[in-house]
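Trainee: This structure is in structure tokens; I'll ask about it shortly.
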Amino acid sequence: MLFFSYAGSRWLAVAAGLLFAIPAAAQVYKNPKAPVEERVKALLADMTLAEKLDYIGGYKYFSIRGIERLGLPEILLSDGPVGVRGEGKSTAYPASVLTAASWDTAAAHALGRALGQDAKARGVHVLLGPGVNIYRAPMNGRNFEYLGEDPYLAGQMAVSYIKGVQSQGVVATVKHFAGNNQEWDRNRVSSDIDERTLQEIYLPAFRAAVQQGHVGAVMNSYNLVNGVHATQNAHLNNDILKGRWGFDGILMSDWVATYDGVAAAKAGLDLEMPSAAFMNSKNLLPALQAGTLSEEVINDKVRRILRIIFRYGFYDRPQLDRTIPADNPATAAVALNLARGGIVLLKNEQDILPLNSSVKSVALIGPNAKSYAAGGGSSLVPPFHSVSLLQGLQALAPGLKVSYTAGTLPPLEELAEKTPFYAAAGSQVAGLKAEYFTNQNLEGAPAATRNEAVINHVWPAAPDVAGLPADHFAARYTGVVRPTNAGLYKFAVKSDDGVRLFVDGKLVIDNWHNQGPTLRSVALPLEAGQEHPIKLEYYENGGGAQVTLGCYVEVLDFTEATRAATAAQVAVVAVGFDNTSEGEGSDRTFSLPEHQVELINAVAKANPNTVVVLNAGGNVDMTNWLPATKALVQAWYPGQEGGTALAEILLGKINPSGKLPASFERQWADNPTHDNYYDPDGDKRVAYKEGLNVGYRYYDQSKVKPQFSFGFGLSYTTFGYSNLKVVSKGKGGATVSFTITNTGKADGAEVAQVYVHQAKSPVARPLKELKGFTKVFLKKGEARTVTVPLDAAAFSYFKTAKNVFGYDPGSFDVLVGSSSALIKLKASVQVK
Ligand code: BGC
């Protein structure tokens with residue numbers, strides 16, 4: 001996938017007259033003590049128009065160019081949001097959805113600080129995170145990078161994260177602005193959202209990032225919003241972000257998300273990334289000369305970039321801090337602590353967890369038990385080291401007998417070794433004919449042709465094919481498949497980037513786009529001895545490269561898994577997705593990856609004491625396996641230290657305290673976006689017809705109830721709620737206080753949630769909306785009174801006719817709960 005190392009050509013010609021600098025009155029900008037705005041003004045005055053036009057397009061894929069003559073340093077950007085990616089190995093934190101599930105703003109702040117430290121250890125000025133797009137449907141391939149379904153929760157977690165990052169002298173970037181709620185066809189789909197829904201559901205987290213977090217940068221999304229690309233959406237960028245919210249930092253595009261340079265320039269885009277493909281002199285100069293674009297528009301963009309550079313001290317000091325270790329135990333500890341607080345216990349029948357001292361043997365089974373699972377795409381960070389669940393259990397419970405069984409088919413890389421391929425019809429030469437091209441479109445004569453017995457290439461650097469560049473090449477593999485036995489044959493391809501597979505001349509796998517390693521498969525009935533022509537086409541665009549092709553008959557054999565499960569007191573099945581099955585660039589399935597349901601059921605049949613540990617960025621279809629299990633632990637993607645945190649939770653060394661940041665529906669059809677998530681008539685427009693009724697806002701007023709509600713999560717202890725007092729405070733405010741008591745047998749933390757509802761309103765409002773929360777750690781028996789302040793925003797809604805947020809004074813219900821469905825206390829308050 002082209003996630004980094006891009007060296008695209010760019011248009012360099014500038015009119016000779018534009019090369020001359022206007023001499024500065026005084027080089028105030030060199031004075032670190034001068035006010036930021038004065039420095040910005042002075043430096044801007046010293047720039048030529050050519051320099052300015054050049055400045056607003058990215059450089060070397062992840063930089064803003066330096067200008068030596070003016071002392072401007074090159075500014076280095078790096079992903080985000082779950083680790084500092086792109087500068088080699090780094091601490092890999094849990095997925096953002098786990099951060100949201102922690103409901104712990106202090107942990108989110110610590111995460112931000114740690115990311116800031118990691119960034120400085122690598123000389124990174126701008127971190128491309130957090131992501132705050134709303135969780136609308138479970139399949140969105142990037143839910144794991146975001147902060148759940150609720151705008152208030154997402155906003156508060158983002159603010160803490162941003163403040164943490166920026167406290168370290170590193171700029172955070174809130175993304176993807178806006179309405180990027182699916183990966184499916186993300187470059188072409190328009191998210192059609194009515195104004196009130198946009199303002200109340202999809203924008204508040206961005207607004208909080210800007211107004212409370214004072215985020216330094218915002219990234220536009222790939223998609224269109226109401227028919228206009230985000231990068232040229234003046235309503236989003238000029239009216240709302242820069243106008244109403246007063247954002248004074250940098251608005252950058254997502255990587256290759258700019259479509260029209262002049263339109264983007266006018267509509268508020270400040271920086272085209274990764275390079276000035278459209279917003280460049282070639283396109284902008286004619287508009288400037290014709291007077292249809294004012295130079296002040298360009299000045300404003302440059303000013304914003306300079307403002308951030310001066311504000312964060314980038315002009316005055318090097319960003320690289322060699323005193324911070326790259327592999328940093330302190331940031332690894334932050335990753336561990338976060339995982340401990342964000343893993344959610346969803347089911348725990350007969351208190352099977354924590355495993356008590358009478359449990360002496362555990363059968364650990366499943367593809368995710370021994371590996372480090374993380375979501376795929378631009379957020380994927382290679383860690384220096386990681387702890388699997390197996391390693392975590394072994395380290396923390398040396399007295400426990402832990403057996404391990406993968407329980408699934410061998411990985412494709414292994415299966416690819418045994419394929420019934422032959423280089424041509426009638427040929428006895430095993431393998432396929434491989435042709436390699438020095439371009440991505442398989443054009444012209446191949447640069448190299450050879451026979452390859454096995455198609456299994458993972459090329460971290462340049463491929464081992466003479467004459468082929470490291471990036472931007474293609475391959476075609478042809479031959480026949482000639483099975484000896486009839487049967488249903490699985491064709492599976494793992495690729496980074498695009499592939500398409502033809503069998504018998506028919507396109508059977510079409511995955512022709514840029515992506516990280518992604519697995520796709522199809523099952524076809526084949527006759528014994530018959531030949532079927534096959535053709536696999538592959539292209540590589542940049543960064544990592546992989547193409548692996550297998551053809552095999554699946555033999556599902558759970559004998560080992562069930563034998564292990566029977567032999568142990570408890571079976572723990574670790575399943576779910578990983579970076580090849582859930583990630584940026586495409587949506588994932590709602591069902592678990594293939595064979596995992598069968599595996600869980602086979603194990604649960606062999607041993608009723610079965611616990612499932614699930615890796616996923618959101619919900620999965622649980623209907624056909626959950627009833628067979630005793631416990632379910634939602635691990636999300638728990639980061640490099642995840643195996644330790646999970647083992648601690650299974651063993652009771654840590655009491656789980658995460659709560660769902662999204663409603664988990666029983667079946668996909670129950671989700672309010674079900675009929676308007678994919679583009680049903682192919683017009684590339686997704687109408688957000690559910691309006692405000694996203695997640696719990698929908699389930700609250702529907703007969704359909706979710707499997708697990710928003711805000712739900714079990715603990716090894718119990719909590720009591722009492723003594724609710726809600727006091728009206730000044731204009732539009734209230735103070736909520738109540739007592740939480742740890743009434744159970746273990747120390748633990750509770751997330752108390754404060755929801756608000758106005759019964760009598762001139763417009764329809766959700767039955768409840770989260771407006772406050774607090775996470776409190778209580779020793780067993782301990783009680784604490786907590787206070788949650790509510791301000792006017794808590795009672796407001798978007799008054800579409802007036803185009804502003806406001807509230808209608810009157811009576812409001814305040815509901816305090818341990819989840820959106822478990823309301824423990826209720827009171828009403830008169831809001832003045
Ligand atoms: C992603 C962004 C990311 C950028 C740079 C894009 O594909 O959508 O979130 O920051 O790549 O890696």
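Note on naming: chains are A, B, ... as they come in the structure tokens, residues start from 1 per chain, ligands start from 1 in the order shown.
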At a cut-off of 9 Å and counting only C-alpha atoms and all ligand atoms, what residues surround ligand 1? Please answer as a PyMOL selection string.

Mentor: chain A and resi 2-4+61-62+77-81+85-86+127-129+131+145+173+175-176+219+221-222+254-257+273-274+377-379+515+584-585

Trainee: Based on the backbone DSSP call, show me all residues of region 594-761 of chain A assigned strand (DSSP E), as a PyMOL selection string.

Mentor: chain A and resi 610-615+631-634+685-687+719-729+733-742+748-757

Trainee: Pick out the residues sitting within 6 Å of region 406-414 of chain A, and hand them over as a PDB file with all heavy atoms, in the first residue's frame; count only C-alpha atoms, and ignore anything fewer than 4 positions along from it in its own chain.

Mentor:
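Dumped everything to around-v9.pdb:
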```
ATOM      1  N   ILE A 365      -6.957 -21.501  22.375  1.00  0.00           N
ATOM      2  CA  ILE A 365      -7.205 -21.966  21.004  1.00  0.00           C
ATOM      3  C   ILE A 365      -7.548 -20.772  20.119  1.00  0.00           C
ATOM      4  O   ILE A 365      -8.251 -19.861  20.557  1.00  0.00           O
ATOM      5  CB  ILE A 365      -8.398 -22.958  20.997  1.00  0.00           C
ATOM      6  CG1 ILE A 365      -8.086 -24.180  21.881  1.00  0.00           C
ATOM      7  CG2 ILE A 365      -8.741 -23.416  19.579  1.00  0.00           C
ATOM      8  CD1 ILE A 365      -9.302 -24.990  22.278  1.00  0.00           C
ATOM      9  N   GLY A 366      -7.075 -20.816  18.886  1.00  0.00           N
ATOM     10  CA  GLY A 366      -7.550 -19.798  17.936  1.00  0.00           C
ATOM     11  C   GLY A 366      -6.438 -19.009  17.279  1.00  0.00           C
ATOM     12  O   GLY A 366      -5.333 -18.882  17.814  1.00  0.00           O
ATOM     13  N   PRO A 367      -6.771 -18.458  16.112  1.00  0.00           N
ATOM     14  CA  PRO A 367      -5.752 -17.777  15.309  1.00  0.00           C
ATOM     15  C   PRO A 367      -5.171 -16.531  15.986  1.00  0.00           C
ATOM     16  O   PRO A 367      -4.067 -16.113  15.657  1.00  0.00           O
ATOM     17  CB  PRO A 367      -6.498 -17.393  14.034  1.00  0.00           C
ATOM     18  CG  PRO A 367      -7.950 -17.413  14.394  1.00  0.00           C
ATOM     19  CD  PRO A 367      -8.091 -18.443  15.462  1.00  0.00           C
ATOM     20  N   ALA A 561      -8.171 -29.074  18.301  1.00  0.00           N
ATOM     21  CA  ALA A 561      -8.773 -28.037  19.139  1.00  0.00           C
ATOM     22  C   ALA A 561      -9.722 -28.664  20.159  1.00  0.00           C
ATOM     23  O   ALA A 561      -9.700 -28.316  21.354  1.00  0.00           O
ATOM     24  CB  ALA A 561      -9.504 -27.035  18.272  1.00  0.00           C
TER      25      ALA A 561
END
```

Trainee: Find, counting only C-alpha atoms, the residue in A:Leu224, A:Val570, A:Ala234, A:Ala606 that gets nearest to Leu400 (chain A).

Mentor: A:Val570

Trainee: Have a look at A:Pro593, A:Pro672, A:Pro789, A:Gly179 and name the one nearest to Ser191 (chain A); count only C-alpha atoms.

Mentor: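 Looking only at the distances to Ser191 (chain A), the closest residue turns out to be A:Gly179.
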
Trainee: Record the distance separating CA of Lys535 (chain A) and CA of Leu501 (chain A), expressed in Å with one decimal.

Mentor: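 Between CA of Lys535 (chain A) and CA of Leu501 (chain A) the gap works out to 5.8 Å.
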
Trainee: Extract, using only C-alpha atoms, all DNA, RNA and protein residues at most 8 Å from Leu651 (chain A), discarding same-chain residues fewer than 3 positions from it, and format them as a list in words.

Mentor: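 Here the qualifying residues turn out to be Leu353, Pro354, Leu355, Asn356, Ala647, Glu648 and Ile654 of chain A.
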
Trainee: Taking only C-alpha atoms into account, which of A:Gly155, A:Pro661, A:Gly498, A:Pro638 comes nearest Pro94 (chain A)?

Mentor: A:Pro638

Trainee: A:Thr580, A:Thr449, A:Asn676, A:Asn511: which is nearest Gly376 (chain A), counting only C-alpha atoms?

Mentor: A:Thr580

Trainee: Residues near Lys705 (chain A), anyone? I mean within 12 Å using only C-alpha atoms, not counting same-chain ones fewer than 5 positions away, as number ranges by chain.

Mentor: A: 663-667, 669-672, 695-700, 710, 820-821

Trainee: Could you pull the residues within 7 Å of region 464-477 of chain A, counting only C-alpha atoms, minus those fewer than 2 positions along the same chain, as a list in words?

Mentor: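 My reading of the contact set: Leu432, Lys433, Ala434, Glu435, Tyr436, Phe437, Thr438, Asn439, Gln440, Asn441, Leu442, Ala447, Ala448, Ala461, Ala462, Lys535, Leu536, Glu537, Tyr538, Tyr539, Glu540, Asn541 and Gly542 of chain A.
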
Trainee: Rounded to one decimal in Å, what is the spacing between CA of Asn238 (chain A) and CA of Val215 (chain A)?

Mentor: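 A separation of 16.7 Å between them.
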
Trainee: Tell me, as a PyMOL selection string, which residues lie within 9 Å of Arg142 (chain A), counting only C-alpha atoms; anything in the same chain fewer than 5 positions away does not count.

Mentor: chain A and resi 133+135+181-183+375-377+582-587+617
